[in-house]
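Colleague: Just query01.txt, nothing more (compact mmCIF, C-alpha atoms):
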# COMPACT_ATOMS: atom_id res chain seq x y z
CA MET H 1 5.97 15.09 15.24
CA ARG H 2 4.41 16.32 12.05
CA TYR H 3 1.35 14.59 10.65
CA VAL H 4 0.02 15.22 7.18
CA VAL H 5 -3.40 13.78 6.56
CA LEU H 6 -5.12 14.56 3.30
CA VAL H 7 -8.30 13.03 2.00
CA PHE H 8 -8.83 13.33 -1.74
CA LEU H 9 -12.11 12.13 -3.13
CA PHE H 10 -12.03 11.85 -6.91
CA ALA H 11 -15.79 12.23 -7.03
CA ALA H 12 -15.70 15.53 -5.12
CA HIS H 13 -12.47 16.88 -6.69
CA HIS H 14 -11.26 18.63 -3.56
CA CYS H 15 -8.81 18.14 -0.70
CA VAL H 16 -9.73 18.20 2.95
CA SER H 17 -7.31 18.28 5.88
CA SER H 18 -8.26 16.55 9.09
CA PRO H 19 -6.49 15.32 12.21
CA PRO H 20 -5.30 11.70 12.24
CA SER H 21 -7.67 9.15 13.76
CA ARG H 22 -5.39 6.72 15.54
CA SER H 23 -1.74 6.65 14.59
CA ASN H 24 1.66 5.49 15.67
CA ALA H 25 3.32 8.70 16.87
CA ALA H 26 6.66 7.56 15.47
CA HIS H 27 5.47 7.88 11.87
CA GLU H 28 4.45 10.58 9.45
CA ARG H 29 1.51 9.53 7.37
CA THR H 30 -0.26 10.88 4.33
CA ASP H 31 -3.58 9.50 3.24
CA VAL H 32 -5.54 9.87 0.06
CA GLY H 33 -8.66 7.94 -0.90
CA ALA H 34 -11.05 7.49 -3.76
CA PRO H 35 -14.26 5.56 -4.16
CA THR H 36 -13.62 2.09 -5.54
CA SER H 37 -15.80 0.41 -8.15
CA GLU H 38 -18.14 -0.58 -5.31
CA GLU H 39 -18.25 3.15 -4.34
CA VAL H 40 -16.66 2.38 -0.99
CA SER H 41 -13.96 4.84 -0.02
CA LYS H 42 -10.45 3.62 0.81
CA ARG H 43 -7.90 5.94 2.31
CA TYR H 44 -4.18 5.29 1.91
CA TYR H 45 -1.59 6.22 4.51
CA VAL H 46 2.04 6.51 3.41
CA PHE H 47 4.51 5.88 6.24
CA ASN H 48 7.91 7.31 5.33
CA SER H 49 9.78 7.71 8.61
CA ARG H 50 11.64 4.38 8.66
CA GLY H 51 12.18 1.18 6.77
CA VAL H 52 10.68 -2.04 8.10
CA THR H 53 10.29 -5.61 6.85
CA PHE H 54 7.10 -6.72 5.10
CA PHE H 55 5.69 -8.41 8.22
CA GLU H 56 6.65 -5.47 10.43
CA ALA H 57 4.74 -3.20 8.01
CA TRP H 58 1.74 -5.55 8.18
CA ARG H 59 1.77 -5.45 12.00
CA LEU H 60 2.32 -1.68 12.15
CA CYS H 61 -0.70 -1.07 9.93
CA GLN H 62 -2.79 -3.32 12.17
CA SER H 63 -1.55 -1.53 15.28
CA VAL H 64 -3.20 1.72 14.11
CA GLY H 65 -6.46 0.07 13.00
CA HIS H 66 -5.54 -0.15 9.31
CA ARG H 67 -4.27 -2.87 7.00
CA LEU H 68 -1.35 -3.08 4.60
CA ALA H 69 -2.50 -1.59 1.28
CA THR H 70 -4.28 -3.66 -1.35
CA ILE H 71 -4.63 -2.35 -4.89
CA THR H 72 -7.51 -3.96 -6.71
CA ASN H 73 -8.30 -1.56 -9.56
CA GLN H 74 -7.15 1.55 -11.41
CA ASN H 75 -8.89 3.87 -8.92
CA ASP H 76 -6.83 2.32 -6.11
CA THR H 77 -3.68 2.83 -8.17
CA ARG H 78 -4.50 6.50 -8.72
CA SER H 79 -5.27 6.97 -5.02
CA VAL H 80 -2.01 5.33 -3.94
CA GLU H 81 -0.06 7.44 -6.44
CA ALA H 82 -1.74 10.60 -5.12
CA ALA H 83 -0.93 9.63 -1.52
CA ILE H 84 2.70 9.02 -2.45
CA GLN H 85 2.95 12.37 -4.26
CA ALA H 86 1.42 14.16 -1.26
CA SER H 87 3.83 12.48 1.17
CA SER H 88 7.15 13.81 2.43
CA ASN H 89 9.12 11.42 0.20
CA SER H 90 7.82 10.31 -3.17
CA LYS H 91 10.76 8.01 -3.97
CA GLY H 92 9.97 4.33 -3.37
CA PRO H 93 9.79 1.56 -2.71
CA TRP H 94 7.00 0.92 -0.20
CA TRP H 95 5.48 -2.36 0.95
CA ILE H 96 1.96 -3.24 -0.19
CA ALA H 97 0.04 -6.33 0.97
CA GLY H 98 0.86 -8.91 -1.72
CA THR H 99 2.78 -12.11 -0.95
CA ASP H 100 3.27 -15.52 -2.52
CA LEU H 101 4.81 -17.17 0.56
CA GLY H 102 1.95 -19.68 0.70
CA ASN H 103 2.25 -20.79 -2.93
CA GLU H 104 5.16 -19.66 -5.13
CA GLY H 105 3.97 -17.51 -8.01
CA VAL H 106 0.40 -17.12 -6.69
CA PHE H 107 0.18 -13.73 -4.99
CA VAL H 108 -2.45 -13.11 -2.33
CA TRP H 109 -3.34 -9.88 -0.52
CA ILE H 110 -2.36 -10.73 3.06
CA SER H 111 -4.74 -8.02 4.33
CA THR H 112 -7.85 -9.54 2.76
CA ASN H 113 -6.80 -13.14 2.03
CA GLN H 114 -7.90 -12.66 -1.61
CA PRO H 115 -5.76 -13.54 -4.63
CA VAL H 116 -4.24 -10.59 -6.47
CA GLY H 117 -6.65 -9.90 -9.33
CA PHE H 118 -9.60 -11.56 -7.56
CA ARG H 119 -12.85 -10.76 -9.42
CA THR H 120 -11.26 -7.99 -11.50
CA GLY H 121 -8.10 -9.55 -12.93
CA TYR H 122 -6.33 -6.31 -12.04
CA SER H 123 -2.58 -6.24 -11.43
CA ASP H 124 0.09 -3.63 -12.09
CA TYR H 125 3.36 -5.55 -12.19
CA ALA H 126 6.42 -3.96 -13.76
CA PRO H 127 7.55 -5.63 -17.02
CA ASN H 128 8.96 -9.13 -16.39
CA GLN H 129 7.69 -9.12 -12.79
CA PRO H 130 7.20 -10.91 -10.54
CA ASP H 131 10.42 -12.82 -11.17
CA ASN H 132 11.43 -14.27 -7.76
CA ALA H 133 15.04 -13.18 -8.41
CA GLY H 134 17.45 -15.28 -6.42
CA GLY H 135 14.57 -17.54 -5.35
CA ASN H 136 13.89 -15.21 -2.42
CA GLU H 137 11.35 -12.58 -3.56
CA HIS H 138 7.96 -13.27 -2.03
CA CYS H 139 6.51 -9.88 -1.03
CA LEU H 140 5.18 -7.01 -3.15
CA GLU H 141 6.53 -3.50 -3.21
CA ILE H 142 5.39 -0.50 -5.18
CA GLY H 143 7.59 2.29 -6.46
CA HIS H 144 10.83 0.36 -6.99
CA ASP H 145 10.99 1.47 -10.59
CA GLY H 146 8.14 3.90 -11.10
CA GLY H 147 4.63 3.23 -9.79
CA THR H 148 4.38 -0.44 -10.71
CA TRP H 149 4.70 -3.54 -8.54
CA ASN H 150 7.75 -5.70 -8.01
CA ASP H 151 8.40 -8.77 -5.90
CA ALA H 152 11.15 -8.29 -3.30
CA ALA H 153 12.73 -10.12 -0.39
CA CYS H 154 10.31 -9.88 2.55
CA ASP H 155 13.11 -9.01 4.99
CA ALA H 156 14.19 -5.93 3.00
CA LYS H 157 13.63 -2.67 4.88
CA HIS H 158 11.12 -0.45 3.08
CA ARG H 159 8.65 2.23 4.02
CA TYR H 160 5.02 1.13 3.72
CA ILE H 161 1.48 2.07 2.77
CA CYS H 162 -1.58 1.25 4.87
CA GLU H 163 -5.22 1.55 3.95
CA HIS H 164 -8.42 2.14 5.85
CA GLY H 165 -11.92 1.51 4.57
CA GLY H 166 -13.02 -0.41 1.54
Kindly return the structure encoded in the file as structure tokens.
Modeller:
Amino acid sequence: MRYVVLVFLFAAHHCVSSPPSRSNAAHERTDVGAPTSEEVSKRYYVFNSRGVTFFEAWRLCQSVGHRLATITNQNDTRSVEAAIQASSNSKGPWWIAGTDLGNEGVFVWISTNQPVGFRTGYSDYAPNQPDNAGGNEHCLEIGHDGGTWNDAACDAKHRYICEHGG
């Protein structure tokens, strides 16, 4: 197996390679992190080896001590984009932690139980999204059409992004 683990700190402006902490040996992962507005570092891990459903992605992130990625500000967006670009496959989509299964149209980060945009109002939906096309799109993906968010059917098979820290 090949593991690529990169840590990019925007404040330091350099890359550092290090061995993975705990990981699922069946996956390649790439991580990149940046201090958030609270100056707490998040690292993002892009898992590209196979497609899984939203809830499988959520469980797989938990199984390696991480959580499905939340994106709460522009720094997070830049860090996720950098992790994707550093990964073995930069063509999306990937699962991130948003879902509206509990209340249609009200997305919550399943990893933190906070509403999308909590405290900051930040979101990065693609134009005209989320749209719940077909009445069956309740989970958020990134990279469907560029780097923005889209709602998709939770049972679709996508790669996924985990985070650690923050």
Colleague: Counting only C-alpha atoms, which of H:Val46, H:Ala57, H:Ala156, H:Cys139 gets nearest to Lys91 of chain H?
Modeller: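 Of the candidates, the smallest distance to Lys91 of chain H is held by H:Val46.
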Colleague: Which residue is closest to Cys154 of chain H? Choose from H:Pro115, H:Pro130, H:Gly121, H:Gly98 and count all atoms listed in the file.
Modeller: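 The answer is H:Gly98, which sits nearest to Cys154 of chain H.
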Colleague: So the first atom is atom CA of Arg43 of chain H and the second is atom CA of His66 of chain H; what is the distance between them in Å, to one decimal place?
Modeller: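 If I compute the distance from atom CA of Arg43 of chain H to atom CA of His66 of chain H, I get 9.6 Å.
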Colleague: Select all residues near (-0.5, 0.7, 3.0) (cut-off 8 Å, inclusive, file coordinates), counting all atoms listed in the file, and output them as a count of residues only.
Modeller: 16
Colleague: Check the smallest atom-to-atom distance from each of H:Gly105, H:Gly134, H:Gly166, H:Gly92 to Trp149 of chain H using all atoms listed in the file, then report the winner.
Modeller: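 Ranked by minimum distance to Trp149 of chain H, first place goes to H:Gly92.
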Colleague: May I have the residues within 12 Å of Glu104 of chain H as a PyMOL selection string, using all atoms listed in the file and disregarding those fewer than 3 positions away in the same chain?
Modeller: chain H and resi 99-101+107-108+130-132+135-139+151
Colleague: Applying 6 Å and only C-alpha atoms, which residues near Arg159 of chain H remain after dropping the ones on its own chain fewer than 6 positions away? List them as a VMD selection string.
Modeller: chain H and resid 47 to 48 50 to 51 94
Colleague: Rounded to one decimal in Å, what is the spacing between atom CA of Thr148 of chain H and atom CA of Ala126 of chain H?
Modeller: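 Value for the atom CA of Thr148 of chain H-atom CA of Ala126 of chain H distance: 5.1 Å.
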